[in-house]
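Chemist: To start, I am sharing the structure in question, which I have written as structure tokens.
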Amino acid sequence: MKIESYKNLVIGSGEAGKYLAWTLAKRGQKTAVVERSMIGGSCPNVACLPSKNVIHSAKAIALVNPTTGLGVVSGSFKVDMSGVLHRKRKMIEALTETHLATFKSTGAELVLGEASFTEPKTVQVALNAGGTRHLRGDRVFLCVGTRASIPDVPGLALAEPMTHVEALDLERLPEHLVILGGGYVGLEFAQAMRRFGSRVTILQRGDRLLEREDPDVSDALKELMKSEGIDIMFRSELMSVTGRSGTKVKLKVRSETSEKIVEATDILIAAGRSPNTDRLNLSQANIELDSRGFVQVNEKLQTSASDVWAMGDCAGSPQFTHVGYDDYRVVLSNLTGGSRTTKGRLIPYCLFTDPELAHVGMTESQAMKKNIPYRIVRLSMAAVPRMQTLSETRGFMKALIGTEDQILGFTVFGAEASEMMAVMQMAMLASLPYTFIIETIFTHPTAAEGLIFLFTKGTWLNPQFSNMLPEIENTDLSTLQEIGS
Ligand SMILES: Cc1cc2nc3c(=O)[nH]c(=O)nc-3n(C[C@H](O)[C@H](O)[C@H](O)COP(=O)(O)OP(=O)(O)OC[C@H]3O[C@@H](n4cnc5c(N)ncnc54)[C@H](O)[C@@H]3O)c2cc1C
Ligand SMILES: NC(=O)c1ccc[n+]([C@@H]2O[C@H](COP(=O)([O-])OP(=O)(O)OC[C@H]3O[C@@H](n4cnc5c(N)ncnc54)[C@H](O)[C@@H]3O)[C@@H](O)[C@H]2O)c1
């Protein structure tokens, strides 16, 4: 048996894996990446980018609806799911080409097949094209990601429910889609599919949506979903399923007080993710997992085996592509004499519903739990002139301010939330006090300009700090006149 040797062996071509491979190969190190299916990982193929592509098509539908009052007169319109699918596929094809070109230009070898360990730092690869290769790395990097978890409910697997992978490849419109899970995947898909014209029901185990957020955020999302005509069943447990997703299904659902049968045509599972570590034969390589199957790593992302690192979702990092990218930077730093770690990272995130939800830093619930003194300032998005120009006044923003005027956290639910959050993120990274934002000249009328109004017109809470409050306190629209003049 011939074993091929590499300086760097990367398993999985997701965010961290591909950037590390490209960087090290470009520096002249012999590097291979083993990938079993998706060139470039989930993000460009079945997750972030295709879902945002489809969500944008759904936004277009919402915009041409005459009830928006935008003054656009259109004839009758309908959704063409094959057109939606075509646009998404074209984007993925272009992204795959870009990835392949980068593998070529950097010299990192892409080996298409499934890897599993045979001994420390050595894998066998069942090649997609047939046959087997054996590869060994002086250094090995795991970047194998996660997949949608399928809850162990009688009849559910037999019903062949969709995950995000199949839902993003739909050429038809489900008549009645039941979504299991009211988290990120569930909410983004619920709104898009409803806008395309499906009836949508969310089954959520807990008593609120996106339960890691503050209750006012969960409530605002619930209101948004309801306003779009989405049914939500809270505190519900799926007991059993009969039938087949794509045609007809019956779901037995138990809530606190009763049992109910929900009849639908399709099921989408959005109930969290499981690590792709189960088929890697990691025990052969002395790589330890935690109780949920994620690779155990320290703050430098080193595993229990020497010269083996893990990055991204499979390492238990927060499940976002930008975190995977930072994991790459942590590992690269440590390979090249730096000292970057995963400790204390300021990690922002955005839920791409319409409007978006964006957050960075501490939530109010976290501050209360940790007994950190804070003031909170909150403003309706309707007080931001930009939102008035867009007729997108739904939502609010709020900032947590510490005793030294430092920004502890920021949440915004509203149009262009993701871009507004980035401004606050930079201020936090630079340790700027909130008063600096008030003094900044932002372009009018932008969403970022709204940050000034948050601090000058918003409602401040936590009266024990009232001696530090700005003088003006209101949420009315007088802002519009002042700014417009
Ligand atoms: C629907 C959806 C939407 C999302 N939207 C966003 C978003 O908008 N923004 C955001 O930041 N995050 C988003 N995420 C999360 C984001 O997609 C993940 O956090 C990110 O893709 C994880 O990257 P990764 O590199 O850890 O894993 P992956 O990108 O999943 O890469 C792992 C790769 O390893 C390969 N692999 C696994 N096992 C083997 C093996 N044995 N041999 C060879 N190859 C193997 C897999 O095929 C895969 O290509 C979304 C997730 C979903 C499901
Ligand atoms: N915009 C983004 O950045 C984005 C988009 C999609 C996904 N993601 C990432 O992917 C991760 C996974 O997303 P997700 O939505 O699958 O998981 P999630 O953890 O965000 O939400 C899962 C939800 O399903 C519920 N649930 C679990 N089991 C259930 C059951 N049996 N019945 C009813 N409800 C059940 C949970 O209570 C939870 O609310 C996210 O946490 C996020 O990190 C990010």
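Chain labels A, B, ... are given in the sequence in which chains occur in the structure tokens; within each chain residues are numbered consecutively from 1, and ligands are likewise numbered from 1 in the order shown.
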6 Å from ligand 1 is the threshold here; counting only C-alpha atoms and all ligand atoms, which polymer residues fall inside it? Answer as a ChimeraX atom specification.

Modeler: /A:11-16,34-38,41-43,47-48,51,113-116,143-146,164,185,276,280,312-314,319-322,324

Chemist: Those residues with N, CA and C atoms, as a compact mmCIF listing (two decimals), in the first residue's frame please?

Modeler:
```
# COMPACT_ATOMS: atom_id res chain seq x y z
N ILE A 11 -8.81 17.98 5.87
CA ILE A 11 -9.99 17.15 5.58
C ILE A 11 -11.21 18.06 5.61
N GLY A 12 -11.84 18.23 4.45
CA GLY A 12 -13.01 19.10 4.35
C GLY A 12 -12.60 20.46 3.79
N SER A 13 -13.32 20.89 2.73
CA SER A 13 -12.91 22.13 2.06
C SER A 13 -13.77 23.32 2.47
N GLY A 14 -14.31 23.30 3.72
CA GLY A 14 -15.11 24.42 4.21
C GLY A 14 -14.25 25.66 4.40
N GLU A 15 -14.86 26.66 5.02
CA GLU A 15 -14.26 27.99 5.08
C GLU A 15 -12.81 27.98 5.59
N ALA A 16 -12.61 27.45 6.80
CA ALA A 16 -11.26 27.50 7.38
C ALA A 16 -10.30 26.61 6.59
N VAL A 34 -8.94 17.07 1.16
CA VAL A 34 -9.85 16.00 0.77
C VAL A 34 -11.28 16.51 0.95
N GLU A 35 -12.08 16.39 -0.08
CA GLU A 35 -13.47 16.88 -0.02
C GLU A 35 -14.37 15.83 -0.65
N ARG A 36 -15.43 15.45 0.10
CA ARG A 36 -16.26 14.35 -0.41
C ARG A 36 -17.37 14.81 -1.33
N SER A 37 -17.80 16.08 -1.22
CA SER A 37 -18.90 16.48 -2.11
C SER A 37 -18.91 17.96 -2.50
N MET A 38 -18.87 18.86 -1.53
CA MET A 38 -19.14 20.27 -1.85
C MET A 38 -17.84 21.06 -1.94
N GLY A 41 -17.15 23.79 0.61
CA GLY A 41 -17.94 23.58 1.82
C GLY A 41 -19.40 23.98 1.68
N SER A 42 -20.09 24.01 2.82
CA SER A 42 -21.55 24.25 2.83
C SER A 42 -21.91 25.65 2.38
N CYS A 43 -21.18 26.65 2.87
CA CYS A 43 -21.58 28.04 2.67
C CYS A 43 -21.92 28.37 1.22
N ALA A 47 -25.76 26.46 1.93
CA ALA A 47 -26.09 27.16 3.17
C ALA A 47 -26.21 28.67 2.96
N CYS A 48 -25.21 29.43 3.45
CA CYS A 48 -25.34 30.89 3.50
C CYS A 48 -25.72 31.50 2.15
N SER A 51 -28.96 30.30 0.33
CA SER A 51 -30.19 30.69 1.05
C SER A 51 -30.44 32.19 0.92
N GLY A 113 -13.13 12.86 -2.55
CA GLY A 113 -13.44 11.55 -1.98
C GLY A 113 -13.66 11.69 -0.49
N GLU A 114 -14.03 10.57 0.15
CA GLU A 114 -14.32 10.62 1.60
C GLU A 114 -13.14 10.07 2.38
N ALA A 115 -12.69 10.85 3.36
CA ALA A 115 -11.52 10.46 4.16
C ALA A 115 -11.96 9.78 5.44
N SER A 116 -11.18 8.78 5.87
CA SER A 116 -11.33 8.24 7.24
C SER A 116 -9.94 7.80 7.71
N CYS A 143 -11.75 19.97 9.06
CA CYS A 143 -12.73 21.04 8.81
C CYS A 143 -13.93 20.38 8.14
N VAL A 144 -14.54 19.44 8.88
CA VAL A 144 -15.56 18.59 8.25
C VAL A 144 -17.00 19.06 8.46
N GLY A 145 -17.19 20.12 9.24
CA GLY A 145 -18.51 20.75 9.32
C GLY A 145 -19.56 19.93 10.05
N THR A 146 -20.81 20.33 9.81
CA THR A 146 -21.97 19.69 10.45
C THR A 146 -23.03 19.41 9.39
N HIS A 164 -32.26 21.78 4.71
CA HIS A 164 -31.98 22.97 3.90
C HIS A 164 -31.46 22.60 2.51
N VAL A 185 -32.35 28.56 10.62
CA VAL A 185 -32.76 27.98 9.34
C VAL A 185 -34.27 28.05 9.22
N ASN A 276 -20.01 16.23 11.55
CA ASN A 276 -19.67 15.16 10.60
C ASN A 276 -18.42 14.40 11.06
N LEU A 280 -15.41 9.30 10.56
CA LEU A 280 -13.99 9.62 10.33
C LEU A 280 -13.02 8.65 10.99
N GLY A 312 -13.79 25.48 12.58
CA GLY A 312 -15.17 25.63 12.07
C GLY A 312 -16.18 24.87 12.91
N ASP A 313 -17.31 24.58 12.28
CA ASP A 313 -18.44 23.95 13.00
C ASP A 313 -18.02 22.69 13.74
N CYS A 314 -17.19 21.85 13.12
CA CYS A 314 -16.90 20.54 13.73
C CYS A 314 -16.10 20.69 15.01
N GLN A 319 -21.60 28.47 14.97
CA GLN A 319 -21.81 27.97 13.60
C GLN A 319 -22.10 29.09 12.61
N PHE A 320 -21.06 29.80 12.25
CA PHE A 320 -21.14 30.88 11.27
C PHE A 320 -19.91 30.81 10.38
N THR A 321 -20.08 31.17 9.12
CA THR A 321 -18.95 31.12 8.19
C THR A 321 -17.84 32.09 8.60
N HIS A 322 -18.24 33.27 9.11
CA HIS A 322 -17.20 34.24 9.48
C HIS A 322 -16.40 33.75 10.69
N GLY A 324 -15.69 30.48 11.08
CA GLY A 324 -14.78 29.54 10.41
C GLY A 324 -13.58 30.29 9.84
```

Chemist: Taking only C-alpha atoms and all ligand atoms into account, which residues have an atom no farther than 8 Å from ligand 2? I'd like them as a count of residues only.

Modeler: 40

Chemist: Near Val54 in chain A, within 8 Å and counting only C-alpha atoms, which residues show up once chain neighbours fewer than 6 positions away are dropped, as a ChimeraX atom specification?

Modeler: /A:84-85,88,168,192

Chemist: Store the residues picked out above in a file with N, CA and C atoms, as a short mmCIF file (atom, residue, chain, number, x, y, z; two decimals), in the first residue's frame.

Modeler:
```cif
data_model
loop_
_atom_site.label_atom_id
_atom_site.label_comp_id
_atom_site.auth_asym_id
_atom_site.auth_seq_id
_atom_site.Cartn_x
_atom_site.Cartn_y
_atom_site.Cartn_z
N VAL A 84 -36.29 30.76 -9.84
CA VAL A 84 -35.58 30.99 -8.57
C VAL A 84 -34.41 30.01 -8.48
N LEU A 85 -34.71 28.76 -8.81
CA LEU A 85 -33.69 27.70 -8.73
C LEU A 85 -32.56 27.96 -9.73
N LYS A 88 -30.17 30.60 -8.53
CA LYS A 88 -29.32 30.07 -7.45
C LYS A 88 -28.24 29.15 -8.01
N LEU A 168 -33.45 24.05 -0.70
CA LEU A 168 -32.82 25.04 -1.60
C LEU A 168 -32.81 24.56 -3.05
N ALA A 192 -39.31 33.10 3.54
CA ALA A 192 -39.13 33.03 2.08
C ALA A 192 -40.20 32.16 1.44
#
```

Chemist: What lies within 10 Å of Glu213 in chain A using only C-alpha atoms, ignoring chain neighbours under 6 positions off, as a list in words?

Modeler: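 My list of contacting residues is Asp219, His359, Thr363, Glu364, Ser365, Gln366 and Thr411 of chain A.
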
Chemist: Restricting it to N, CA and C atoms, dump the selection as a CSV table (one decimal), in the first residue's frame.

Modeler:
```csv
chain,number,residue,atom,x,y,z
A,219,ASP,N,-40.0,38.1,20.6
A,219,ASP,CA,-41.4,38.6,20.4
A,219,ASP,C,-41.5,39.4,19.0
A,359,HIS,N,-26.8,41.3,15.6
A,359,HIS,CA,-26.4,41.5,17.0
A,359,HIS,C,-24.9,41.4,17.2
A,363,THR,N,-25.9,40.4,25.2
A,363,THR,CA,-27.4,40.7,25.2
A,363,THR,C,-27.7,41.1,26.6
A,364,GLU,N,-29.0,41.6,26.7
A,364,GLU,CA,-29.4,42.1,28.0
A,364,GLU,C,-29.5,41.0,29.0
A,365,SER,N,-30.0,39.8,28.5
A,365,SER,CA,-30.1,38.7,29.4
A,365,SER,C,-28.7,38.2,29.9
A,366,GLN,N,-27.7,38.3,29.0
A,366,GLN,CA,-26.4,37.9,29.5
A,366,GLN,C,-25.8,38.9,30.5
A,411,THR,N,-28.1,45.4,19.5
A,411,THR,CA,-29.0,44.5,18.7
A,411,THR,C,-29.9,45.4,17.8
```

Chemist: Can you work out which one of A:Ala310, A:Arg139, A:Asp214, A:Pro275 has the shortest atom-to-atom distance to Gly409 in chain A, counting only C-alpha atoms?

Modeler: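 Of all the options, A:Asp214 lies closest to Gly409 in chain A.
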
Chemist: Which residue, A:Lys343, A:Asp326, A:Ala21, A:Met368, has the smallest gap to Leu142 in chain A when you use only C-alpha atoms?

Modeler: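 The shortest atom-to-atom distance to Leu142 in chain A comes from A:Ala21.
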
Chemist: What parts of range 31-146 of chain A does DSSP call helix (DSSP H, G or I)? I'd like the answer as an NGL selection string.

Modeler: :A and (42-46 or 48-64 or 66-68 or 81-106)

Chemist: Could you save the residues just selected, with C-alpha atoms, as a PDB file, in the first residue's frame?

Modeler:
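Okay, again_8.pdb is ready:
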```pdb
ATOM      1  CA  SER A  42     -21.551  24.249   2.830  1.00  0.00           C
ATOM      2  CA  CYS A  43     -21.578  28.044   2.672  1.00  0.00           C
ATOM      3  CA  PRO A  44     -21.376  28.502  -1.099  1.00  0.00           C
ATOM      4  CA  ASN A  45     -23.194  25.262  -1.963  1.00  0.00           C
ATOM      5  CA  VAL A  46     -26.071  24.565   0.407  1.00  0.00           C
ATOM      6  CA  CYS A  48     -25.341  30.891   3.498  1.00  0.00           C
ATOM      7  CA  LEU A  49     -25.030  32.062  -0.083  1.00  0.00           C
ATOM      8  CA  PRO A  50     -27.755  30.000  -1.785  1.00  0.00           C
ATOM      9  CA  SER A  51     -30.190  30.687   1.053  1.00  0.00           C
ATOM     10  CA  LYS A  52     -29.570  34.426   0.808  1.00  0.00           C
ATOM     11  CA  ASN A  53     -29.928  34.189  -2.972  1.00  0.00           C
ATOM     12  CA  VAL A  54     -33.354  32.553  -2.601  1.00  0.00           C
ATOM     13  CA  ILE A  55     -34.353  34.967   0.190  1.00  0.00           C
ATOM     14  CA  HIS A  56     -33.626  37.839  -2.191  1.00  0.00           C
ATOM     15  CA  SER A  57     -36.013  36.352  -4.771  1.00  0.00           C
ATOM     16  CA  ALA A  58     -38.631  36.190  -2.018  1.00  0.00           C
ATOM     17  CA  LYS A  59     -37.983  39.843  -1.182  1.00  0.00           C
ATOM     18  CA  ALA A  60     -38.654  40.720  -4.829  1.00  0.00           C
ATOM     19  CA  ILE A  61     -42.047  39.050  -4.543  1.00  0.00           C
ATOM     20  CA  ALA A  62     -42.791  41.034  -1.408  1.00  0.00           C
ATOM     21  CA  LEU A  63     -41.781  44.281  -3.103  1.00  0.00           C
ATOM     22  CA  VAL A  64     -44.026  43.862  -6.150  1.00  0.00           C
ATOM     23  CA  PRO A  66     -49.306  46.186  -4.382  1.00  0.00           C
ATOM     24  CA  THR A  67     -49.923  46.380  -0.607  1.00  0.00           C
ATOM     25  CA  THR A  68     -46.393  47.748  -0.070  1.00  0.00           C
ATOM     26  CA  MET A  81     -39.708  28.349  -8.700  1.00  0.00           C
ATOM     27  CA  SER A  82     -37.662  27.012 -11.602  1.00  0.00           C
ATOM     28  CA  GLY A  83     -36.491  30.589 -12.244  1.00  0.00           C
ATOM     29  CA  VAL A  84     -35.582  30.991  -8.568  1.00  0.00           C
ATOM     30  CA  LEU A  85     -33.691  27.702  -8.731  1.00  0.00           C
ATOM     31  CA  HIS A  86     -31.929  28.636 -11.965  1.00  0.00           C
ATOM     32  CA  ARG A  87     -30.592  31.911 -10.521  1.00  0.00           C
ATOM     33  CA  LYS A  88     -29.321  30.075  -7.447  1.00  0.00           C
ATOM     34  CA  ARG A  89     -27.688  27.322  -9.516  1.00  0.00           C
ATOM     35  CA  LYS A  90     -25.951  29.828 -11.768  1.00  0.00           C
ATOM     36  CA  MET A  91     -24.467  31.527  -8.700  1.00  0.00           C
ATOM     37  CA  ILE A  92     -23.219  28.212  -7.292  1.00  0.00           C
ATOM     38  CA  GLU A  93     -21.690  27.203 -10.624  1.00  0.00           C
ATOM     39  CA  ALA A  94     -19.771  30.476 -10.757  1.00  0.00           C
ATOM     40  CA  LEU A  95     -18.626  30.039  -7.151  1.00  0.00           C
ATOM     41  CA  THR A  96     -17.435  26.482  -7.860  1.00  0.00           C
ATOM     42  CA  GLU A  97     -15.434  27.742 -10.840  1.00  0.00           C
ATOM     43  CA  THR A  98     -13.821  30.404  -8.643  1.00  0.00           C
ATOM     44  CA  HIS A  99     -12.927  27.797  -6.021  1.00  0.00           C
ATOM     45  CA  LEU A 100     -11.409  25.440  -8.599  1.00  0.00           C
ATOM     46  CA  ALA A 101      -9.405  28.288 -10.088  1.00  0.00           C
ATOM     47  CA  THR A 102      -8.049  29.183  -6.649  1.00  0.00           C
ATOM     48  CA  PHE A 103      -7.024  25.582  -5.951  1.00  0.00           C
ATOM     49  CA  LYS A 104      -5.188  25.654  -9.275  1.00  0.00           C
ATOM     50  CA  SER A 105      -3.507  29.012  -8.798  1.00  0.00           C
ATOM     51  CA  THR A 106      -2.346  28.295  -5.242  1.00  0.00           C
TER      52      THR A 106
END
```

Chemist: CA of His134 in chain A and CA of Ile3 in chain A, how far apart in Å?

Modeler: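 Straight-line distance from CA of Ile3 in chain A to CA of His134 in chain A works out to 4.9 Å.
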
Chemist: For Ile438 in chain A, please output as a list in words all residues within 8 Å (counting only C-alpha atoms; exclusion window: fewer than 3 positions along the same chain).

Modeler: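 Contacts, with the query itself left out: Tyr434, Thr435, Leu451, Ile452, Phe453, Phe455 and Thr456 of chain A.
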
Chemist: Limited to C-alpha atoms, could you put the picked residues into a file as a compact mmCIF listing (two decimals), in the first residue's frame?

Modeler:
```txt
# COMPACT_ATOMS: atom_id res chain seq x y z
CA TYR A 434 -21.18 55.72 22.64
CA THR A 435 -20.72 59.49 22.83
CA LEU A 451 -27.26 55.35 15.44
CA ILE A 452 -27.01 59.02 16.41
CA PHE A 453 -30.75 59.05 17.07
CA PHE A 455 -28.42 57.68 21.62
CA THR A 456 -30.01 61.11 21.43
```

Chemist: Which residue is closest to Leu24 in chain A? Choose from A:Trp309, A:Tyr328, A:Phe196, A:Phe294 and count only C-alpha atoms.

Modeler: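 Using only C-alpha atoms, the shortest distance to Leu24 in chain A belongs to A:Tyr328.
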
Chemist: Which of range 259-386 of chain A counts as strand (DSSP E or B) under DSSP, as a PyMOL selection string please?

Modeler: chain A and resi 259-264+266-269+273-275+289+295+302+308-310+349-351+356-361+375-380

Chemist: Given the selection you just returned, output its residues as a file containing N, CA and C atoms, formatted as a CSV table (one decimal), in the first residue's frame.

Modeler:
```
chain,number,residue,atom,x,y,z
A,259,GLU,N,-53.2,17.0,22.2
A,259,GLU,CA,-52.5,16.4,21.0
A,259,GLU,C,-53.2,16.8,19.8
A,260,LYS,N,-52.5,17.0,18.7
A,260,LYS,CA,-53.2,17.5,17.5
A,260,LYS,C,-52.6,16.8,16.3
A,261,ILE,N,-53.4,16.6,15.3
A,261,ILE,CA,-52.8,16.1,14.0
A,261,ILE,C,-52.7,17.3,13.0
A,262,VAL,N,-51.5,17.5,12.5
A,262,VAL,CA,-51.3,18.6,11.5
A,262,VAL,C,-51.1,17.9,10.2
A,263,GLU,N,-52.0,18.3,9.2
A,263,GLU,CA,-51.8,17.7,7.9
A,263,GLU,C,-51.1,18.7,7.0
A,264,ALA,N,-50.1,18.2,6.2
A,264,ALA,CA,-49.3,19.1,5.4
A,264,ALA,C,-48.9,18.3,4.2
A,266,ASP,N,-45.4,19.0,3.0
A,266,ASP,CA,-43.9,18.9,3.1
A,266,ASP,C,-43.4,19.2,4.5
A,267,ILE,N,-42.3,18.6,4.8
A,267,ILE,CA,-41.6,18.8,6.1
A,267,ILE,C,-40.2,19.3,5.8
A,268,LEU,N,-39.8,20.4,6.6
A,268,LEU,CA,-38.4,20.8,6.5
A,268,LEU,C,-37.9,20.7,7.9
A,269,ILE,N,-36.8,20.0,8.1
A,269,ILE,CA,-36.2,19.9,9.4
A,269,ILE,C,-35.1,21.0,9.6
A,273,ARG,N,-27.8,21.2,14.4
A,273,ARG,CA,-26.9,20.5,13.5
A,273,ARG,C,-26.0,19.5,14.3
A,274,SER,N,-25.6,18.4,13.6
A,274,SER,CA,-24.7,17.4,14.2
A,274,SER,C,-23.4,17.4,13.4
A,275,PRO,N,-22.3,17.2,14.2
A,275,PRO,CA,-21.0,17.2,13.5
A,275,PRO,C,-20.7,16.0,12.6
A,289,LEU,N,-13.4,13.4,21.1
A,289,LEU,CA,-14.7,14.2,20.8
A,289,LEU,C,-15.3,14.5,22.1
A,295,VAL,N,-15.3,17.9,17.8
A,295,VAL,CA,-13.9,17.6,18.2
A,295,VAL,C,-13.5,18.5,19.3
A,302,GLN,N,-6.1,23.3,18.8
A,302,GLN,CA,-5.4,22.1,18.8
A,302,GLN,C,-6.2,20.9,19.4
A,308,VAL,N,-2.5,18.0,15.1
A,308,VAL,CA,-3.8,17.9,14.5
A,308,VAL,C,-4.7,19.0,15.0
A,309,TRP,N,-5.2,19.8,14.2
A,309,TRP,CA,-6.1,20.9,14.5
A,309,TRP,C,-7.5,20.7,14.0
A,310,ALA,N,-8.5,21.3,14.6
A,310,ALA,CA,-9.9,21.3,14.1
A,310,ALA,C,-10.4,22.7,14.0
A,349,TYR,N,-23.5,38.4,14.5
A,349,TYR,CA,-24.3,37.5,13.7
A,349,TYR,C,-25.5,38.2,13.2
A,350,CYS,N,-26.0,37.7,12.1
A,350,CYS,CA,-27.2,38.3,11.5
A,350,CYS,C,-28.2,37.2,11.1
A,351,LEU,N,-29.4,37.4,11.3
A,351,LEU,CA,-30.5,36.5,10.8
A,351,LEU,C,-31.0,37.2,9.6
A,356,GLU,N,-33.9,42.3,8.7
A,356,GLU,CA,-32.9,41.5,9.4
A,356,GLU,C,-32.8,41.7,10.9
A,357,LEU,N,-32.2,40.7,11.5
A,357,LEU,CA,-31.9,40.9,12.9
A,357,LEU,C,-30.4,40.8,13.0
A,358,ALA,N,-29.7,41.7,13.7
A,358,ALA,CA,-28.3,41.7,13.8
A,358,ALA,C,-27.9,41.9,15.2
A,359,HIS,N,-26.8,41.3,15.6
A,359,HIS,CA,-26.4,41.5,17.0
A,359,HIS,C,-24.9,41.4,17.2
A,360,VAL,N,-24.3,42.1,18.1
A,360,VAL,CA,-22.9,42.0,18.5
A,360,VAL,C,-22.8,42.3,20.0
A,361,GLY,N,-21.9,41.5,20.6
A,361,GLY,CA,-21.6,41.8,22.0
A,361,GLY,C,-22.6,41.1,22.9
A,375,ARG,N,-26.7,50.4,31.2
A,375,ARG,CA,-27.9,51.1,30.9
A,375,ARG,C,-28.3,50.6,29.5
A,376,ILE,N,-29.6,50.8,29.2
A,376,ILE,CA,-30.0,50.3,27.9
A,376,ILE,C,-30.8,51.5,27.2
A,377,VAL,N,-30.5,51.6,25.9
A,377,VAL,CA,-31.2,52.7,25.2
A,377,VAL,C,-31.8,52.0,24.0
A,378,ARG,N,-33.1,52.4,23.7
A,378,ARG,CA,-33.9,51.7,22.7
A,378,ARG,C,-34.6,52.7,21.8
A,379,LEU,N,-34.7,52.4,20.6
A,379,LEU,CA,-35.4,53.3,19.6
A,379,LEU,C,-36.1,52.5,18.6
A,380,SER,N,-37.3,53.0,18.3
A,380,SER,CA,-38.0,52.4,17.2
A,380,SER,C,-37.4,52.7,15.8
```

Chemist: Rounded to one decimal, what separation in Å do you get between CA of Pro355 in chain A and CA of Thr393 in chain A?

Modeler: 9.5 Å

Chemist: Nearest to Gly197 in chain A among A:Ala126, A:Val140, A:Ile441, A:Val79, with distances taken over only C-alpha atoms: which residue is it?

Modeler: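 Among the listed residues, the smallest separation from Gly197 in chain A belongs to A:Val79.
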
Chemist: Which neighbours of Asp327 in chain A fall inside 8 Å, counting only C-alpha atoms, when residues of the same chain fewer than 2 positions from it are skipped, and could you give them as a list of chain:residue names?

Modeler: A:Ala16, A:Leu301, A:Met311, A:Gly312, A:Val323, A:Gly324, A:Tyr325, A:Arg329, A:Val330, A:Val331, A:Thr342

Chemist: Taking only C-alpha atoms into account, which of A:Leu429, A:Val125, A:Ala315, A:Leu461 comes nearest Pro373 in chain A?

Modeler: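 For Pro373 in chain A, the nearest of the candidates is A:Leu461.
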
Chemist: Report as a VMD selection string all protein, DNA and RNA residues lying within 10 Å of Pro161 in chain A, evaluated on only C-alpha atoms, omitting residues in the same chain fewer than 3 positions from it.

Modeler: chain A and resid 150 156 to 158 166 to 167 178 to 180 244 to 246 249 266 to 269

Chemist: Provide the CA of Ser291 in chain A to CA of Thr341 in chain A distance in Å, to one decimal place.

Modeler: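 Interatomic distance here is 23.1 Å.
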